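Trainee: Got final-v9.cif for you, mmCIF, N, CA and C atoms:
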```
data_model
loop_
_atom_site.label_atom_id
_atom_site.label_comp_id
_atom_site.auth_asym_id
_atom_site.auth_seq_id
_atom_site.Cartn_x
_atom_site.Cartn_y
_atom_site.Cartn_z
N MET A 295 190.20 25.64 121.13
CA MET A 295 191.47 26.25 121.46
C MET A 295 191.43 26.64 122.93
N SER A 296 192.47 26.34 123.62
CA SER A 296 192.53 26.71 125.03
C SER A 296 192.80 28.20 125.18
N SER A 297 192.52 28.74 126.35
CA SER A 297 192.77 30.16 126.60
C SER A 297 194.25 30.47 126.46
N ALA A 298 195.09 29.55 126.94
CA ALA A 298 196.54 29.79 126.85
C ALA A 298 196.99 29.86 125.41
N THR A 299 196.46 28.98 124.57
CA THR A 299 196.81 29.01 123.15
C THR A 299 196.31 30.30 122.52
N GLY A 300 195.07 30.65 122.84
CA GLY A 300 194.52 31.88 122.29
C GLY A 300 195.32 33.10 122.67
N LEU A 301 195.71 33.17 123.92
CA LEU A 301 196.49 34.31 124.39
C LEU A 301 197.88 34.32 123.78
N SER A 302 198.41 33.16 123.43
CA SER A 302 199.77 33.11 122.88
C SER A 302 199.84 33.67 121.46
N ILE A 303 198.71 33.70 120.73
CA ILE A 303 198.75 34.22 119.37
C ILE A 303 198.44 35.71 119.29
N ILE A 304 198.06 36.32 120.38
CA ILE A 304 197.72 37.74 120.38
C ILE A 304 198.86 38.62 119.85
N PRO A 305 200.10 38.42 120.30
CA PRO A 305 201.15 39.29 119.79
C PRO A 305 201.28 39.25 118.26
N GLY A 306 201.04 38.11 117.65
CA GLY A 306 201.12 37.99 116.19
C GLY A 306 200.01 38.73 115.49
N ASP A 307 198.82 38.72 116.06
CA ASP A 307 197.69 39.41 115.47
C ASP A 307 197.69 40.89 115.77
N GLY A 308 198.27 41.26 116.87
CA GLY A 308 198.35 42.67 117.22
C GLY A 308 197.29 43.16 118.17
N PHE A 309 196.22 42.38 118.40
CA PHE A 309 195.20 42.82 119.34
C PHE A 309 194.43 41.61 119.86
N ASP A 310 193.78 41.80 120.99
CA ASP A 310 192.95 40.77 121.59
C ASP A 310 191.51 41.06 121.17
N VAL A 311 190.90 40.17 120.41
CA VAL A 311 189.56 40.38 119.89
C VAL A 311 188.54 40.56 121.01
N ARG A 312 188.84 40.02 122.20
CA ARG A 312 187.92 40.17 123.32
C ARG A 312 187.84 41.61 123.81
N GLU A 313 188.78 42.44 123.41
CA GLU A 313 188.78 43.84 123.82
C GLU A 313 188.01 44.73 122.84
N ARG A 314 187.57 44.18 121.72
CA ARG A 314 186.83 44.96 120.72
C ARG A 314 185.45 45.32 121.27
N PRO A 315 184.90 46.48 120.92
CA PRO A 315 183.60 46.90 121.44
C PRO A 315 182.45 45.95 121.10
N GLY A 316 182.47 45.31 119.95
CA GLY A 316 181.37 44.44 119.55
C GLY A 316 181.54 42.98 119.93
N PHE A 317 182.55 42.67 120.72
CA PHE A 317 182.83 41.27 121.03
C PHE A 317 181.68 40.59 121.76
N THR A 318 181.05 41.26 122.70
CA THR A 318 179.97 40.61 123.45
C THR A 318 178.80 40.24 122.55
N VAL A 319 178.51 41.08 121.57
CA VAL A 319 177.43 40.78 120.62
C VAL A 319 177.83 39.59 119.76
N LEU A 320 179.06 39.57 119.27
CA LEU A 320 179.54 38.47 118.46
C LEU A 320 179.52 37.16 119.25
N ARG A 321 179.98 37.20 120.49
CA ARG A 321 179.99 36.00 121.33
C ARG A 321 178.57 35.49 121.57
N SER A 322 177.65 36.38 121.87
CA SER A 322 176.26 35.99 122.10
C SER A 322 175.64 35.37 120.85
N THR A 323 175.95 35.94 119.70
CA THR A 323 175.44 35.42 118.43
C THR A 323 175.97 34.01 118.18
N CYS A 324 177.24 33.80 118.42
CA CYS A 324 177.84 32.47 118.23
C CYS A 324 177.21 31.45 119.17
N GLU A 325 176.98 31.84 120.41
CA GLU A 325 176.35 30.93 121.37
C GLU A 325 174.94 30.56 120.92
N LEU A 326 174.19 31.54 120.45
CA LEU A 326 172.83 31.28 119.96
C LEU A 326 172.86 30.35 118.75
N LEU A 327 173.80 30.55 117.85
CA LEU A 327 173.92 29.68 116.68
C LEU A 327 174.25 28.24 117.09
N MET A 328 175.09 28.07 118.11
CA MET A 328 175.40 26.72 118.58
C MET A 328 174.15 26.03 119.12
N VAL A 329 173.32 26.79 119.82
CA VAL A 329 172.09 26.21 120.38
C VAL A 329 171.11 25.87 119.26
N THR A 330 170.93 26.76 118.31
CA THR A 330 169.97 26.49 117.24
C THR A 330 170.42 25.31 116.38
N TRP A 331 171.72 25.13 116.22
CA TRP A 331 172.21 23.96 115.49
C TRP A 331 171.84 22.69 116.25
N LEU A 332 172.02 22.70 117.56
CA LEU A 332 171.75 21.52 118.37
C LEU A 332 170.26 21.20 118.42
N VAL A 333 169.41 22.21 118.36
CA VAL A 333 167.96 22.01 118.39
C VAL A 333 167.53 21.08 117.25
N GLN A 334 168.21 21.14 116.14
CA GLN A 334 167.86 20.30 115.00
C GLN A 334 167.96 18.81 115.32
N ASN A 335 168.78 18.45 116.29
CA ASN A 335 168.97 17.05 116.66
C ASN A 335 168.18 16.64 117.90
N ALA A 336 167.55 17.59 118.55
CA ALA A 336 166.88 17.34 119.83
C ALA A 336 165.72 16.35 119.71
N GLY A 337 165.04 16.32 118.59
CA GLY A 337 163.91 15.41 118.42
C GLY A 337 164.33 13.96 118.27
N GLU A 338 165.56 13.72 117.84
CA GLU A 338 166.02 12.36 117.60
C GLU A 338 166.95 11.83 118.68
N ASP A 339 167.54 12.72 119.44
CA ASP A 339 168.55 12.31 120.43
C ASP A 339 168.19 12.91 121.79
N PRO A 340 167.82 12.05 122.75
CA PRO A 340 167.44 12.58 124.07
C PRO A 340 168.57 13.37 124.75
N ARG A 341 169.82 12.98 124.50
CA ARG A 341 170.94 13.72 125.09
C ARG A 341 170.99 15.13 124.53
N ALA A 342 170.71 15.25 123.23
CA ALA A 342 170.70 16.57 122.60
C ALA A 342 169.57 17.43 123.18
N ALA A 343 168.42 16.81 123.42
CA ALA A 343 167.28 17.55 123.99
C ALA A 343 167.63 18.07 125.38
N GLU A 344 168.29 17.24 126.20
CA GLU A 344 168.69 17.68 127.53
C GLU A 344 169.71 18.81 127.45
N GLU A 345 170.62 18.69 126.51
CA GLU A 345 171.65 19.72 126.36
C GLU A 345 171.04 21.03 125.88
N VAL A 346 170.05 20.96 125.00
CA VAL A 346 169.37 22.18 124.54
C VAL A 346 168.72 22.89 125.71
N GLU A 347 168.04 22.13 126.57
CA GLU A 347 167.41 22.75 127.74
C GLU A 347 168.44 23.45 128.61
N LYS A 348 169.55 22.80 128.84
CA LYS A 348 170.60 23.40 129.67
C LYS A 348 171.16 24.67 129.01
N ARG A 349 171.39 24.60 127.70
CA ARG A 349 171.96 25.76 127.00
C ARG A 349 171.00 26.93 126.94
N VAL A 350 169.73 26.66 126.73
CA VAL A 350 168.75 27.75 126.70
C VAL A 350 168.67 28.42 128.07
N GLU A 351 168.67 27.62 129.12
CA GLU A 351 168.65 28.19 130.47
C GLU A 351 169.90 29.03 130.72
N THR A 352 171.03 28.57 130.24
CA THR A 352 172.28 29.33 130.38
C THR A 352 172.18 30.67 129.67
N LEU A 353 171.63 30.65 128.45
CA LEU A 353 171.47 31.91 127.71
C LEU A 353 170.50 32.86 128.43
N ARG A 354 169.42 32.31 128.96
CA ARG A 354 168.44 33.14 129.67
C ARG A 354 169.02 33.77 130.93
N SER A 355 169.82 32.99 131.64
CA SER A 355 170.32 33.46 132.93
C SER A 355 171.61 34.27 132.81
N GLY A 356 172.22 34.26 131.63
CA GLY A 356 173.48 34.96 131.46
C GLY A 356 174.67 34.16 131.97
N GLY A 357 174.47 32.85 132.12
CA GLY A 357 175.55 31.98 132.59
C GLY A 357 176.61 31.77 131.53
N SER A 358 177.54 30.89 131.85
CA SER A 358 178.68 30.64 130.97
C SER A 358 178.46 29.42 130.10
N TRP A 359 178.84 29.52 128.84
CA TRP A 359 178.76 28.38 127.92
C TRP A 359 179.76 27.29 128.30
N ARG A 360 180.66 27.58 129.20
CA ARG A 360 181.68 26.58 129.59
C ARG A 360 181.08 25.37 130.28
N THR A 361 179.83 25.47 130.71
CA THR A 361 179.17 24.32 131.32
C THR A 361 178.53 23.40 130.28
N TRP A 362 178.56 23.81 129.02
CA TRP A 362 177.93 23.04 127.96
C TRP A 362 178.75 21.80 127.64
N ALA A 363 178.07 20.68 127.42
CA ALA A 363 178.75 19.46 127.03
C ALA A 363 179.06 19.53 125.54
N PRO A 364 180.19 18.97 125.14
CA PRO A 364 180.51 18.97 123.71
C PRO A 364 179.52 18.09 122.94
N PHE A 365 179.16 18.52 121.76
CA PHE A 365 178.25 17.74 120.94
C PHE A 365 178.71 17.70 119.54
#
```
What is this file in structure tokens?
Mentor:
Amino acid sequence: MSSATGLSIIPGDGFDVRERPGFTVLRSTCELLMVTWLVQNAGEDPRAAEEVEKRVETLRSGGSWRTWAPF
């Protein structure tokens, strides 16, 4: 979902989930789950292995998941 689409549904829901106190923990957990899912394929697919390395470095450095390639 694009940011514009996400922002367009806020009035219907009544609040922006990104403003909730626990949002950063939830976001970090989701990012970690995406990486651990991809790790399962890293042994069979060299592209997946490269992407895992990039994602782990992003998590370590506090970078943005927006640089991640879709898998």
Trainee: What is the atom CA of A:Ala363-atom C of A:Arg312 distance in Å, reported with one decimal?
Mentor: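 These atoms are spaced 24.2 Å apart.
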Trainee: Convert the output of the PyMOL selection byres (((chain A and resi 328-332 and name CA) around 9) and name CA) on the shown file into explicit residues, formatted as a VMD selection string.
Mentor: chain A and resid 323 to 327 333 to 336 342 to 343 345 to 346 349 to 350 365
Trainee: Among the residues of stretch 316-365 of chain A, find those DSSP assigns to helix (DSSP H, G or I) from the backbone and print them as a PyMOL selection string.
Mentor: chain A and resi 317-336+340-355+359-361
Trainee: For the atom pair atom C of A:Gly356 and atom CA of A:Glu338, what is the interatomic distance in Å to one decimal place?
Mentor: 27.5 Å
Trainee: In Å to one decimal, how far is atom N of A:Phe317 from atom CA of A:Ser355?
Mentor: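 Separation between atom CA of A:Ser355 and atom N of A:Phe317: 19.6 Å.
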